[in-house]
Structures are given as structure tokens and as C-alpha cells.
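To start, the structure under review is shown below, and the notes come after it.
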Amino acid sequence: MFHSFKWAAVALPVLGILFASGCGTQTSHTNQINAFDGATYDSLLLAHGALTSLQANVTVSYPKYAPIFNQASGSYNAAYTAYSAFRIQPASQGEVSVMIGNLTIAIVALENVFQSDMQASPANVASVRAHAKRLRTSAKQAGVTVSDILTELEIAAAVAHTIPQTGPYAALAEMVIESTSAALAAEIAATGQPIDLSLIQPIPAIQ
């Protein structure tokens, strides 16, 4: 999806395209307990897709990021455990919300490390985040459900698009873009399908 775009000076248009492609009226899964169940599953699908993609690249090419990746995967696994318990005992919705919030924070922390090491311009990052905030506000006003994790992944991809394609940080930027692509692909593939916990299993730490 992302390789068709030129990187330089296209971060905001890319964010708009990604945001539009990734958000819409919250879809239902045939076996979901309620809307919260379906939305949480979608959020975990996104996170699982992104982290699984990053895990492969970090393990092979960027082992220095293993500690911060493991923090994010640990937060993911905690969210998965809480969600699995919710599926059995739906009264635990509050705990799941907390864990998803913690997972979002962990993903943002991971993104911040990548953005710093890519030498992303603070001005570009601020501009992308401001644009994302406006898009999200418009989406809410239109009654569209947007996952916090989806928003953060799309911000990361948009920032990565500002990194020169031929520069020293191009490979790192491409890794970030690929992780968002993998996340969106996972969510799209599961649209309208039954909730399947085998698709969002815990992610092992990088040793």
C-alpha cells in the first residue's frame, strides 16, 4: 500500500489517505459480545500486525531496539490476557480499557524512539500530529469510530514518509511504514469475520 507514494513532502496527504482507508463505521464480528468487544478485538489485531512485523525486522536488522520492543510486546500480552478474560467474563470491561490504554502508550513510546533515531524533524512530527488530531475530530463529529492504536500507527507511517528515501535512515523509516501496512492488512482481512483469538496470540519477547 505504502510503496506507491513518494516520501518527500507527502506526510500530510499520506496521513489523510491512510486515515480514510483505516477508519469507518465500526464493523461487527458475528460472534462479538457487544460493540466494545468488537472494537477491542480490532485494536488488538492492529497492534498484533504492527508488532509482529516489527519483531521480524528488529530481530534481524535492529537488535538494539529489542528492549523497547519487548516493553511494547509485554503491554500487548497484558492487554490480550485481559481481553481473553473479558471474553469469558464480560464484566471486566474496565480492566481491558486500562490495558488497551497502556498498550497505546507503549506503542507511542516505541514510535518516539524510532522517530528520534530517524532524525525526524520535530516540526514535521508536530505538524503530522496536529493534522491527525483534526482528522480524528472530524471523524468523531461524523460518528466514525477510530482506534487510538490505529491513529498512532498511521502517525508513525506519515512521519516515516518525511524521511529522505535515499538517506541513511531510509531503511528504518521503511520498517515503520511496513509495520503500519501489516497492521492495516490484518484488520482488513478480519473485517466482518468472527472474532478469532488465534489471530492475536501473545507475542514472544525478543531474546
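Identifiers in the C-alpha cells: chain A, B, ... in order shown; residue index from 1 per chain; ligand index from 1 in order shown.
Residues in contact range of Thr30 of chain A, defined as at most 10 Å between only C-alpha atoms, with sequence neighbours fewer than 3 positions away removed, read Thr27, Ile33, Gly38, Gly192, Gln193, Pro194 and Ile195 of chain A.
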Would you list the contacts of segment 105-117 of chain A as a ChimeraX atom specification, taking every protein, DNA or RNA residue within 10 Å and counting only C-alpha atoms, but skipping same-chain residues closer than 5 positions in sequence? /A:47,50-51,65,67-76,99-100,122,125,148-149,152-153,155-157,159-160,163,169,172-173,175-176
Expected answer as a VMD selection string: helix (DSSP H, G or I) residues in chain A: chain A and resid 2 to 4 11 to 22 35 to 61 63 to 88 90 to 117 122 to 141 148 to 160 170 to 190 197 to 200
Which is closer to Ser181 of chain A than all the others in A:Ile206, A:Leu54, A:Val128, A:Leu199, using only C-alpha atoms? A:Leu54
